[in-house]
Amino acid sequence: MEVTITINGTTQSHDVEPRTLLVHYIREHAGLTGTNIGCDTSSCGACSIHLNGEAVKSCTVLAVQADGQEVRTIEGMAAADGTLHPMQQAFMENHGLQCGYCTPGMVMAASSLLLENPHPTEQDVRLGLEGNLCRCTGYHNIVKSVLAAASA
Amino acid sequence: MIPAAFDYVRAESAEEAISLVGQHGDEAKFIAGGHSLLPMMKLRLAQPAVLIDIGRLTDLSYIRDGGDHIAVGALTRHMDVETSALLQEHVPLLAHAAGQVGDPQVRHRGTIGGSIAHADPASDLPATTLALGATYVAQGPNGTREIAATDFYKTFFESALAPDEILTEIRVPKRSGAGWSFQKFNRRAQDWAIVGVAAWRSNGDAGVALVNMGATPVLATSVSAALSSGSSIEEAAELATAEASPQADLNASIEYREHLAKVLTRRALQAATS
């Protein structure tokens, strides 16, 4: 069936099976591979994107459920001239990534967190990123990056 | 990772949803937030032939003051239940429990109606609403009916909802001023509770329900009865397992679950009493 989604400001339509996950629509039909798949159980959050301005796990949404709605992926966070989003800048400056696999999901989840809670405590950040797993960093610099972005 | 194939239809109203499920019968499942159903479908533990999307029935997303109760529409998302000023004032136990479900991304999609209709004894909101003495409102082809939470849960993933009924509203009695606590014991962030306890108490009255201690959420009536007849918290908490039939799994043995139920009940009652 025809599914139309506005991704990073561009409205596009693709004919997909109803069982197509939003993450597969984004990666395989829209060609945006910055969003990663890291698990089979809706746990890791590497697939996190913004649906209508809120972080959701795109592996646990059907593309058809997002028909007619707005999606922002990691590719849509930097400005058109390439200037990094403050969250991306903060991750860069605070060594918030090692292998980088969880990072797109972390940036999307953290930026959504700051929209809802602009001045989080460290505990707020740790709880707010419960939906995102990282195997490399031990989370310490991720939390530092998010707090830095909050005070930027 | 990829669900089995299915046909998809979107309902524009509760009436249309009921009519669609009437047409397709056993083959059809409702999907709202999909954060219980889709994970099962991705593992092919569920393979409905037809999905009826009720996720856009925004008319059923509301939190209203109903006088002696708060009425929560079934399509209200966990995030909205968690942050509701009305619930934080009148039923803070429910607002808090909703904030314990999964993680923020899950709470942006999952709904209270979906969680209750899914009838998983390991979910947080079935036990919480059971402890609070909630009533659920169901709508079917022949009209609406009210189902007490105590009559709702039959066994794992099975409720009193008829196949052609849709849950529309959850009514939770106001417990303003009651002490309360939600104890969710798990080892990893965002995990289901290995065991959980939802408790409130006010004057001589109390409600205590257990998460993941049986085939349904368990109302610990022995605990509340003991408290009413003057037992100490420690004595009452010892009765936590009286109505429970916990299972063993990868996370805990039966004995460990029983132990957890008593400890968490004691902690919950202490927190609800301080």
# chains A, B, ... in the order shown; residues from 1 in each chain; ligands from 1
>>> interface_residues(of="chain B", to="chain A", cutoff="7 Å", atoms="only C-alpha atoms", output="MDAnalysis selection string")
chainID B and resid 1 3 5:8 35 38:39 103:106 108 189:190
>>> select_by_dssp(residues="chain A", states="helix (DSSP H, G or I)", output="PDB file with C-alpha atoms, in the first residue's frame")
ATOM      1  CA  LEU A  22       9.182   2.288   9.865  1.00  0.00           C
ATOM      2  CA  VAL A  23      12.912   1.642  10.339  1.00  0.00           C
ATOM      3  CA  HIS A  24      12.991  -0.393   7.127  1.00  0.00           C
ATOM      4  CA  TYR A  25      10.966   2.266   5.305  1.00  0.00           C
ATOM      5  CA  ILE A  26      13.515   4.876   6.433  1.00  0.00           C
ATOM      6  CA  ARG A  27      16.591   2.791   5.634  1.00  0.00           C
ATOM      7  CA  GLU A  28      15.582   0.857   2.540  1.00  0.00           C
ATOM      8  CA  HIS A  29      12.898   2.921   0.832  1.00  0.00           C
ATOM      9  CA  SER A  58      11.134   3.127  14.580  1.00  0.00           C
ATOM     10  CA  CYS A  59      11.539  -0.642  14.744  1.00  0.00           C
ATOM     11  CA  THR A  60       8.329  -0.808  16.800  1.00  0.00           C
ATOM     12  CA  ALA A  63       5.405   2.554   8.295  1.00  0.00           C
ATOM     13  CA  VAL A  64       1.632   2.603   7.698  1.00  0.00           C
ATOM     14  CA  GLN A  65       1.097   3.910  11.229  1.00  0.00           C
ATOM     15  CA  ALA A  66       3.242   6.924  10.274  1.00  0.00           C
ATOM     16  CA  ILE A  74      19.692  11.857  12.402  1.00  0.00           C
ATOM     17  CA  GLU A  75      20.349  13.109   8.875  1.00  0.00           C
ATOM     18  CA  GLY A  76      17.891  15.917   9.541  1.00  0.00           C
ATOM     19  CA  PRO A  86      23.865  21.474  19.461  1.00  0.00           C
ATOM     20  CA  MET A  87      23.352  17.860  20.592  1.00  0.00           C
ATOM     21  CA  GLN A  88      25.665  16.567  17.858  1.00  0.00           C
ATOM     22  CA  GLN A  89      28.208  19.258  18.721  1.00  0.00           C
ATOM     23  CA  ALA A  90      28.052  18.312  22.388  1.00  0.00           C
ATOM     24  CA  PHE A  91      28.632  14.614  21.624  1.00  0.00           C
ATOM     25  CA  MET A  92      31.623  15.558  19.493  1.00  0.00           C
ATOM     26  CA  GLU A  93      33.160  17.832  22.107  1.00  0.00           C
ATOM     27  CA  THR A 103      24.868   7.442  18.649  1.00  0.00           C
ATOM     28  CA  PRO A 104      22.133   8.382  16.175  1.00  0.00           C
ATOM     29  CA  GLY A 105      19.565   6.893  18.535  1.00  0.00           C
ATOM     30  CA  MET A 106      21.149   8.610  21.524  1.00  0.00           C
ATOM     31  CA  VAL A 107      21.140  11.998  19.783  1.00  0.00           C
ATOM     32  CA  MET A 108      17.480  11.605  18.788  1.00  0.00           C
ATOM     33  CA  ALA A 109      16.390  10.395  22.229  1.00  0.00           C
ATOM     34  CA  ALA A 110      18.424  13.035  24.048  1.00  0.00           C
ATOM     35  CA  SER A 111      17.184  15.900  21.890  1.00  0.00           C
ATOM     36  CA  SER A 112      13.599  14.763  22.487  1.00  0.00           C
ATOM     37  CA  LEU A 113      14.347  14.617  26.215  1.00  0.00           C
ATOM     38  CA  LEU A 114      15.575  18.221  26.207  1.00  0.00           C
ATOM     39  CA  LEU A 115      12.447  19.358  24.365  1.00  0.00           C
ATOM     40  CA  GLU A 116      10.390  17.947  27.228  1.00  0.00           C
ATOM     41  CA  GLU A 122      22.112  14.047  35.748  1.00  0.00           C
ATOM     42  CA  GLN A 123      19.544  11.584  37.127  1.00  0.00           C
ATOM     43  CA  ASP A 124      16.904  12.916  34.714  1.00  0.00           C
ATOM     44  CA  VAL A 125      19.304  12.266  31.812  1.00  0.00           C
ATOM     45  CA  ARG A 126      20.170   8.744  32.982  1.00  0.00           C
ATOM     46  CA  LEU A 127      16.472   7.885  33.358  1.00  0.00           C
ATOM     47  CA  GLY A 128      15.554   9.752  30.193  1.00  0.00           C
ATOM     48  CA  HIS A 140      29.428   8.433  31.315  1.00  0.00           C
ATOM     49  CA  ASN A 141      30.362  10.733  28.430  1.00  0.00           C
ATOM     50  CA  ILE A 142      26.959  10.351  26.829  1.00  0.00           C
ATOM     51  CA  VAL A 143      25.379  11.807  29.968  1.00  0.00           C
ATOM     52  CA  LYS A 144      28.063  14.511  30.041  1.00  0.00           C
ATOM     53  CA  SER A 145      27.313  15.355  26.390  1.00  0.00           C
ATOM     54  CA  VAL A 146      23.585  15.683  27.035  1.00  0.00           C
ATOM     55  CA  LEU A 147      24.131  17.896  30.088  1.00  0.00           C
ATOM     56  CA  ALA A 148      26.547  20.011  28.027  1.00  0.00           C
ATOM     57  CA  ALA A 149      23.955  20.368  25.268  1.00  0.00           C
ATOM     58  CA  ALA A 150      21.363  21.383  27.857  1.00  0.00           C
TER      59      ALA A 150
END
>>> closest_atom_pairs(of="stretch 116-224 of chain B", to="stretch 87-94 of chain B", cutoff="7 Å", atoms="only C-alpha atoms", output="Markdown table")
| residue | atom | partner | partner_atom | distance |
| --- | --- | --- | --- | --- |
| B:Thr128 | CA | B:Leu94 | CA | 6.5 |
| B:Lys174 | CA | B:His90 | CA | 5.3 |
| B:Arg175 | CA | B:Val91 | CA | 5.7 |
| B:Ser176 | CA | B:His90 | CA | 4.5 |
| B:Trp180 | CA | B:Leu93 | CA | 6.0 |
| B:Ser181 | CA | B:Leu93 | CA | 6.5 |
| B:Phe182 | CA | B:Leu93 | CA | 6.9 |
>>> residues_around(residues="B:Gly140", least_positions_apart="5", cutoff="7 Å", atoms="only C-alpha atoms", output="number ranges by chain")
B: 18, 164-166
>>> residues_around(residues="B:Val263", least_positions_apart="6", cutoff="10 Å", atoms="only C-alpha atoms", output="ChimeraX atom specification")
/B:183,197,234,237-238,240,257
>>> closest_residue(among="B:Ala226, B:Ile70, B:Ala178, B:Ala271", to="B:Ser202", atoms="only C-alpha atoms")
B:Ala178
>>> residues_around(residues="B:Ala74", least_positions_apart="6", cutoff="10 Å", atoms="only C-alpha atoms", output="list in words")
Ala32, Leu57, Thr58, Asp59, Leu60, Ser61, Tyr62, Ile63, Thr111, Ile112, Gly113, Gly114, Ser115, Ile116, Ala117, Tyr136, Val137, Ala138, Ile166, Leu167, Thr168, Glu169, Ile170 and Arg171 of chain B
>>> residues_around(residues="A:Asn36", least_positions_apart="3", cutoff="7 Å", atoms="only C-alpha atoms", output="list in words")
Thr33, Ala46 and Cys47 of chain A
>>> select_by_dssp(residues="stretch 89-266 of chain B", states="strand (DSSP E or B)", output="PyMOL selection string")
chain B and resi 111+135-140+143-148+153-155+158-159+166-173+179-185+195-202+205-211+218-219
>>> atom_distance(atom1="atom CA of A:Arg72", atom2="atom CA of A:His14")
17.1 Å
>>> atom_distance(atom1="atom CA of B:Ser228", atom2="atom CA of B:Asp151")
22.8 Å
>>> closest_residue(among="B:Ser253, B:Gln100, B:Gln47, B:Thr265", to="B:Val223", atoms="only C-alpha atoms")
B:Thr265
>>> closest_residue(among="B:Gly99, B:Ala268, B:Val195, B:Ala4", to="B:Tyr256", atoms="only C-alpha atoms")
B:Val195
